[in-house]
Amino acid sequence: MNTVYVIGGVIIFIWFVHGIYKSLLCRKRVLHIITENCTGCKRCIKKCRHKALDFINDKNKTNIVVNPNKCTCCGKCIKVCKFHALEFAERKKS
């Protein structure tokens with residue numbers, strides 16, 4: 001019975017450390033949209049569960065914009081983009 005608790009504790013610890021690592025990694029990078037590649041298919045918007053992406057339509061030009069305060073840098077939007085219009089970039093130091 002003790003081994004079950006140890007294994008459970010290790011799993012929870014790894015999950016916790018992984019969350020902290022992703023949080024620290026997101027402070028160093030930001031989602032960048034390559035507008036030349038974006039077709040406006042909105043697959044990334046549908047995939048983002050944090051509602052960090054938004055669609056703006058300006059005079060025959062489609063734009064996806066990112067709210068960096070909502071983005072958790074999970075990368076799910078990048079994986080779903082068929083046109084390679086999304087990438088992570090280093091966050092500029094201010």
# chains A, B, ... in the order shown; residues from 1 in each chain; ligands from 1
$ residues_around --residues "Ala89 (chain A)" --least-positions-apart "3" --cutoff "7 Å" --atoms "only C-alpha atoms" --output "number ranges by chain"
A: 29-32
$ residues_around --residues "region 33-42 of chain A" --least-positions-apart "2" --cutoff "7 Å" --atoms "only C-alpha atoms" --output "VMD selection string"
chain A and resid 31 44 to 46 62 to 63 83 to 87
$ atom_distance --atom1 "CA of Trp15 (chain A)" --atom2 "CA of Val80 (chain A)"
24.1 Å
$ select_by_dssp --residues "chain A" --states "helix (DSSP H, G or I)" --output "JSON, numbers by chain"
{"A": [2, 3, 4, 5, 6, 7, 8, 9, 10, 11, 12, 13, 14, 15, 16, 17, 18, 19, 20, 21, 22, 23, 24, 25, 26, 27, 28, 43, 44, 45, 46, 47, 76, 77, 78, 79, 80]}
$ closest_residue --among "A:Ile56, A:Val66, A:Val4, A:Cys74" --to "His18 (chain A)" --atoms "only C-alpha atoms"
A:Cys74
$ closest_residue --among "A:Arg43, A:Ala52, A:Ile64, A:Asp58" --to "Lys82 (chain A)" --atoms "only C-alpha atoms"
A:Arg43
$ residues_around --residues "Val65 (chain A)" --least-positions-apart "5" --cutoff "7 Å" --atoms "only C-alpha atoms" --output "PyMOL selection string"
chain A and resi 53-55
$ write_last_selection --atoms "all heavy atoms" --output "mmCIF file, in the first residue's frame"
data_model
loop_
_atom_site.group_PDB
_atom_site.id
_atom_site.type_symbol
_atom_site.label_atom_id
_atom_site.label_comp_id
_atom_site.auth_asym_id
_atom_site.auth_seq_id
_atom_site.Cartn_x
_atom_site.Cartn_y
_atom_site.Cartn_z
ATOM 1 N N LEU A 53 -5.946 33.867 -28.634
ATOM 2 C CA LEU A 53 -5.888 34.293 -30.030
ATOM 3 C C LEU A 53 -7.213 34.905 -30.441
ATOM 4 O O LEU A 53 -8.271 34.455 -30.022
ATOM 5 C CB LEU A 53 -5.563 33.112 -30.939
ATOM 6 C CG LEU A 53 -4.233 32.421 -30.684
ATOM 7 C CD1 LEU A 53 -4.130 31.153 -31.482
ATOM 8 C CD2 LEU A 53 -3.090 33.343 -31.011
ATOM 9 N N ASP A 54 -7.141 35.918 -31.293
ATOM 10 C CA ASP A 54 -8.340 36.576 -31.783
ATOM 11 C C ASP A 54 -8.167 36.867 -33.269
ATOM 12 O O ASP A 54 -7.054 37.009 -33.762
ATOM 13 C CB ASP A 54 -8.592 37.874 -31.006
ATOM 14 C CG ASP A 54 -10.015 38.366 -31.135
ATOM 15 O OD1 ASP A 54 -10.882 37.598 -31.605
ATOM 16 O OD2 ASP A 54 -10.271 39.517 -30.761
ATOM 17 N N PHE A 55 -9.274 36.982 -33.965
ATOM 18 C CA PHE A 55 -9.273 37.196 -35.411
ATOM 19 C C PHE A 55 -9.760 38.602 -35.720
ATOM 20 O O PHE A 55 -10.794 39.032 -35.230
ATOM 21 C CB PHE A 55 -10.193 36.166 -36.070
ATOM 22 C CG PHE A 55 -10.228 36.238 -37.556
ATOM 23 C CD1 PHE A 55 -9.186 35.736 -38.311
ATOM 24 C CD2 PHE A 55 -11.302 36.805 -38.208
ATOM 25 C CE1 PHE A 55 -9.220 35.791 -39.687
ATOM 26 C CE2 PHE A 55 -11.352 36.864 -39.580
ATOM 27 C CZ PHE A 55 -10.301 36.357 -40.323
#
$ select_by_dssp --residues "chain A" --states "strand (DSSP E or B)" --output "count of residues only"
22
$ atom_distance --atom1 "CA of Gly75 (chain A)" --atom2 "CA of Phe88 (chain A)"
8.4 Å
$ closest_residue --among "A:Lys22, A:Lys70, A:Lys28, A:Lys76" --to "Cys48 (chain A)" --atoms "only C-alpha atoms"
A:Lys76
$ decode --residues "region 73-85 of chain A" --atoms "all heavy atoms" --output "PDB file, in the first residue's frame"
ATOM      1  N   CYS A  73       1.748  29.489 -23.653  1.00  0.00           N
ATOM      2  CA  CYS A  73       2.829  28.883 -24.431  1.00  0.00           C
ATOM      3  C   CYS A  73       2.742  27.359 -24.457  1.00  0.00           C
ATOM      4  O   CYS A  73       3.756  26.665 -24.404  1.00  0.00           O
ATOM      5  CB  CYS A  73       4.196  29.314 -23.907  1.00  0.00           C
ATOM      6  SG  CYS A  73       4.455  31.075 -23.944  1.00  0.00           S
ATOM      7  N   CYS A  74       1.535  26.849 -24.557  1.00  0.00           N
ATOM      8  CA  CYS A  74       1.356  25.396 -24.585  1.00  0.00           C
ATOM      9  C   CYS A  74       1.749  24.815 -25.936  1.00  0.00           C
ATOM     10  O   CYS A  74       2.120  23.651 -26.025  1.00  0.00           O
ATOM     11  CB  CYS A  74      -0.075  25.018 -24.235  1.00  0.00           C
ATOM     12  SG  CYS A  74      -1.313  25.559 -25.434  1.00  0.00           S
ATOM     13  N   GLY A  75       1.641  25.595 -27.012  1.00  0.00           N
ATOM     14  CA  GLY A  75       2.052  25.146 -28.332  1.00  0.00           C
ATOM     15  C   GLY A  75       1.008  24.391 -29.121  1.00  0.00           C
ATOM     16  O   GLY A  75       1.276  23.916 -30.218  1.00  0.00           O
ATOM     17  N   LYS A  76      -0.191  24.256 -28.586  1.00  0.00           N
ATOM     18  CA  LYS A  76      -1.235  23.522 -29.302  1.00  0.00           C
ATOM     19  C   LYS A  76      -1.645  24.228 -30.587  1.00  0.00           C
ATOM     20  O   LYS A  76      -1.960  23.580 -31.582  1.00  0.00           O
ATOM     21  CB  LYS A  76      -2.438  23.305 -28.399  1.00  0.00           C
ATOM     22  CG  LYS A  76      -2.149  22.354 -27.266  1.00  0.00           C
ATOM     23  CD  LYS A  76      -3.347  22.141 -26.386  1.00  0.00           C
ATOM     24  CE  LYS A  76      -2.986  21.187 -25.258  1.00  0.00           C
ATOM     25  NZ  LYS A  76      -4.087  20.986 -24.341  1.00  0.00           N
ATOM     26  N   CYS A  77      -1.622  25.537 -30.578  1.00  0.00           N
ATOM     27  CA  CYS A  77      -1.977  26.292 -31.782  1.00  0.00           C
ATOM     28  C   CYS A  77      -0.930  26.091 -32.873  1.00  0.00           C
ATOM     29  O   CYS A  77      -1.260  26.010 -34.062  1.00  0.00           O
ATOM     30  CB  CYS A  77      -2.133  27.771 -31.460  1.00  0.00           C
ATOM     31  SG  CYS A  77      -0.674  28.506 -30.702  1.00  0.00           S
ATOM     32  N   ILE A  78       0.325  25.968 -32.488  1.00  0.00           N
ATOM     33  CA  ILE A  78       1.401  25.761 -33.454  1.00  0.00           C
ATOM     34  C   ILE A  78       1.265  24.393 -34.108  1.00  0.00           C
ATOM     35  O   ILE A  78       1.444  24.241 -35.316  1.00  0.00           O
ATOM     36  CB  ILE A  78       2.776  25.917 -32.781  1.00  0.00           C
ATOM     37  CG1 ILE A  78       2.965  27.357 -32.322  1.00  0.00           C
ATOM     38  CG2 ILE A  78       3.902  25.497 -33.713  1.00  0.00           C
ATOM     39  CD1 ILE A  78       4.220  27.599 -31.528  1.00  0.00           C
ATOM     40  N   LYS A  79       0.929  23.395 -33.313  1.00  0.00           N
ATOM     41  CA  LYS A  79       0.796  22.038 -33.831  1.00  0.00           C
ATOM     42  C   LYS A  79      -0.350  21.909 -34.827  1.00  0.00           C
ATOM     43  O   LYS A  79      -0.271  21.123 -35.766  1.00  0.00           O
ATOM     44  CB  LYS A  79       0.589  21.057 -32.680  1.00  0.00           C
ATOM     45  CG  LYS A  79       1.800  20.877 -31.810  1.00  0.00           C
ATOM     46  CD  LYS A  79       1.506  19.959 -30.667  1.00  0.00           C
ATOM     47  CE  LYS A  79       2.691  19.886 -29.721  1.00  0.00           C
ATOM     48  NZ  LYS A  79       2.386  19.090 -28.528  1.00  0.00           N
ATOM     49  N   VAL A  80      -1.413  22.674 -34.644  1.00  0.00           N
ATOM     50  CA  VAL A  80      -2.592  22.531 -35.492  1.00  0.00           C
ATOM     51  C   VAL A  80      -2.501  23.366 -36.768  1.00  0.00           C
ATOM     52  O   VAL A  80      -3.250  23.134 -37.716  1.00  0.00           O
ATOM     53  CB  VAL A  80      -3.860  22.859 -34.671  1.00  0.00           C
ATOM     54  CG1 VAL A  80      -4.113  24.332 -34.589  1.00  0.00           C
ATOM     55  CG2 VAL A  80      -5.060  22.153 -35.205  1.00  0.00           C
ATOM     56  N   CYS A  81      -1.563  24.296 -36.839  1.00  0.00           N
ATOM     57  CA  CYS A  81      -1.433  25.171 -38.012  1.00  0.00           C
ATOM     58  C   CYS A  81      -0.747  24.431 -39.159  1.00  0.00           C
ATOM     59  O   CYS A  81       0.414  24.045 -39.057  1.00  0.00           O
ATOM     60  CB  CYS A  81      -0.651  26.432 -37.666  1.00  0.00           C
ATOM     61  SG  CYS A  81      -0.530  27.576 -39.052  1.00  0.00           S
ATOM     62  N   LYS A  82      -1.470  24.259 -40.265  1.00  0.00           N
ATOM     63  CA  LYS A  82      -0.936  23.559 -41.428  1.00  0.00           C
ATOM     64  C   LYS A  82      -0.025  24.442 -42.279  1.00  0.00           C
ATOM     65  O   LYS A  82       0.724  23.954 -43.108  1.00  0.00           O
ATOM     66  CB  LYS A  82      -2.077  23.070 -42.314  1.00  0.00           C
ATOM     67  CG  LYS A  82      -2.896  21.985 -41.713  1.00  0.00           C
ATOM     68  CD  LYS A  82      -3.967  21.549 -42.700  1.00  0.00           C
ATOM     69  CE  LYS A  82      -4.776  20.412 -42.144  1.00  0.00           C
ATOM     70  NZ  LYS A  82      -5.794  19.966 -43.106  1.00  0.00           N
ATOM     71  N   PHE A  83      -0.108  25.744 -42.079  1.00  0.00           N
ATOM     72  CA  PHE A  83       0.592  26.680 -42.943  1.00  0.00           C
ATOM     73  C   PHE A  83       1.854  27.269 -42.302  1.00  0.00           C
ATOM     74  O   PHE A  83       2.450  28.182 -42.846  1.00  0.00           O
ATOM     75  CB  PHE A  83      -0.365  27.803 -43.351  1.00  0.00           C
ATOM     76  CG  PHE A  83      -1.614  27.267 -43.988  1.00  0.00           C
ATOM     77  CD1 PHE A  83      -2.786  27.174 -43.264  1.00  0.00           C
ATOM     78  CD2 PHE A  83      -1.594  26.834 -45.292  1.00  0.00           C
ATOM     79  CE1 PHE A  83      -3.933  26.662 -43.846  1.00  0.00           C
ATOM     80  CE2 PHE A  83      -2.731  26.322 -45.889  1.00  0.00           C
ATOM     81  CZ  PHE A  83      -3.916  26.231 -45.159  1.00  0.00           C
ATOM     82  N   HIS A  84       2.227  26.760 -41.134  1.00  0.00           N
ATOM     83  CA  HIS A  84       3.425  27.212 -40.417  1.00  0.00           C
ATOM     84  C   HIS A  84       3.418  28.726 -40.202  1.00  0.00           C
ATOM     85  O   HIS A  84       4.415  29.405 -40.427  1.00  0.00           O
ATOM     86  CB  HIS A  84       4.692  26.780 -41.150  1.00  0.00           C
ATOM     87  CG  HIS A  84       4.725  25.319 -41.440  1.00  0.00           C
ATOM     88  ND1 HIS A  84       4.914  24.378 -40.459  1.00  0.00           N
ATOM     89  CD2 HIS A  84       4.558  24.633 -42.598  1.00  0.00           C
ATOM     90  CE1 HIS A  84       4.881  23.174 -40.990  1.00  0.00           C
ATOM     91  NE2 HIS A  84       4.653  23.303 -42.289  1.00  0.00           N
ATOM     92  N   ALA A  85       2.274  29.221 -39.770  1.00  0.00           N
ATOM     93  CA  ALA A  85       2.123  30.663 -39.556  1.00  0.00           C
ATOM     94  C   ALA A  85       2.364  31.071 -38.109  1.00  0.00           C
ATOM     95  O   ALA A  85       2.331  32.255 -37.795  1.00  0.00           O
ATOM     96  CB  ALA A  85       0.728  31.099 -39.980  1.00  0.00           C
TER      97      ALA A  85
END
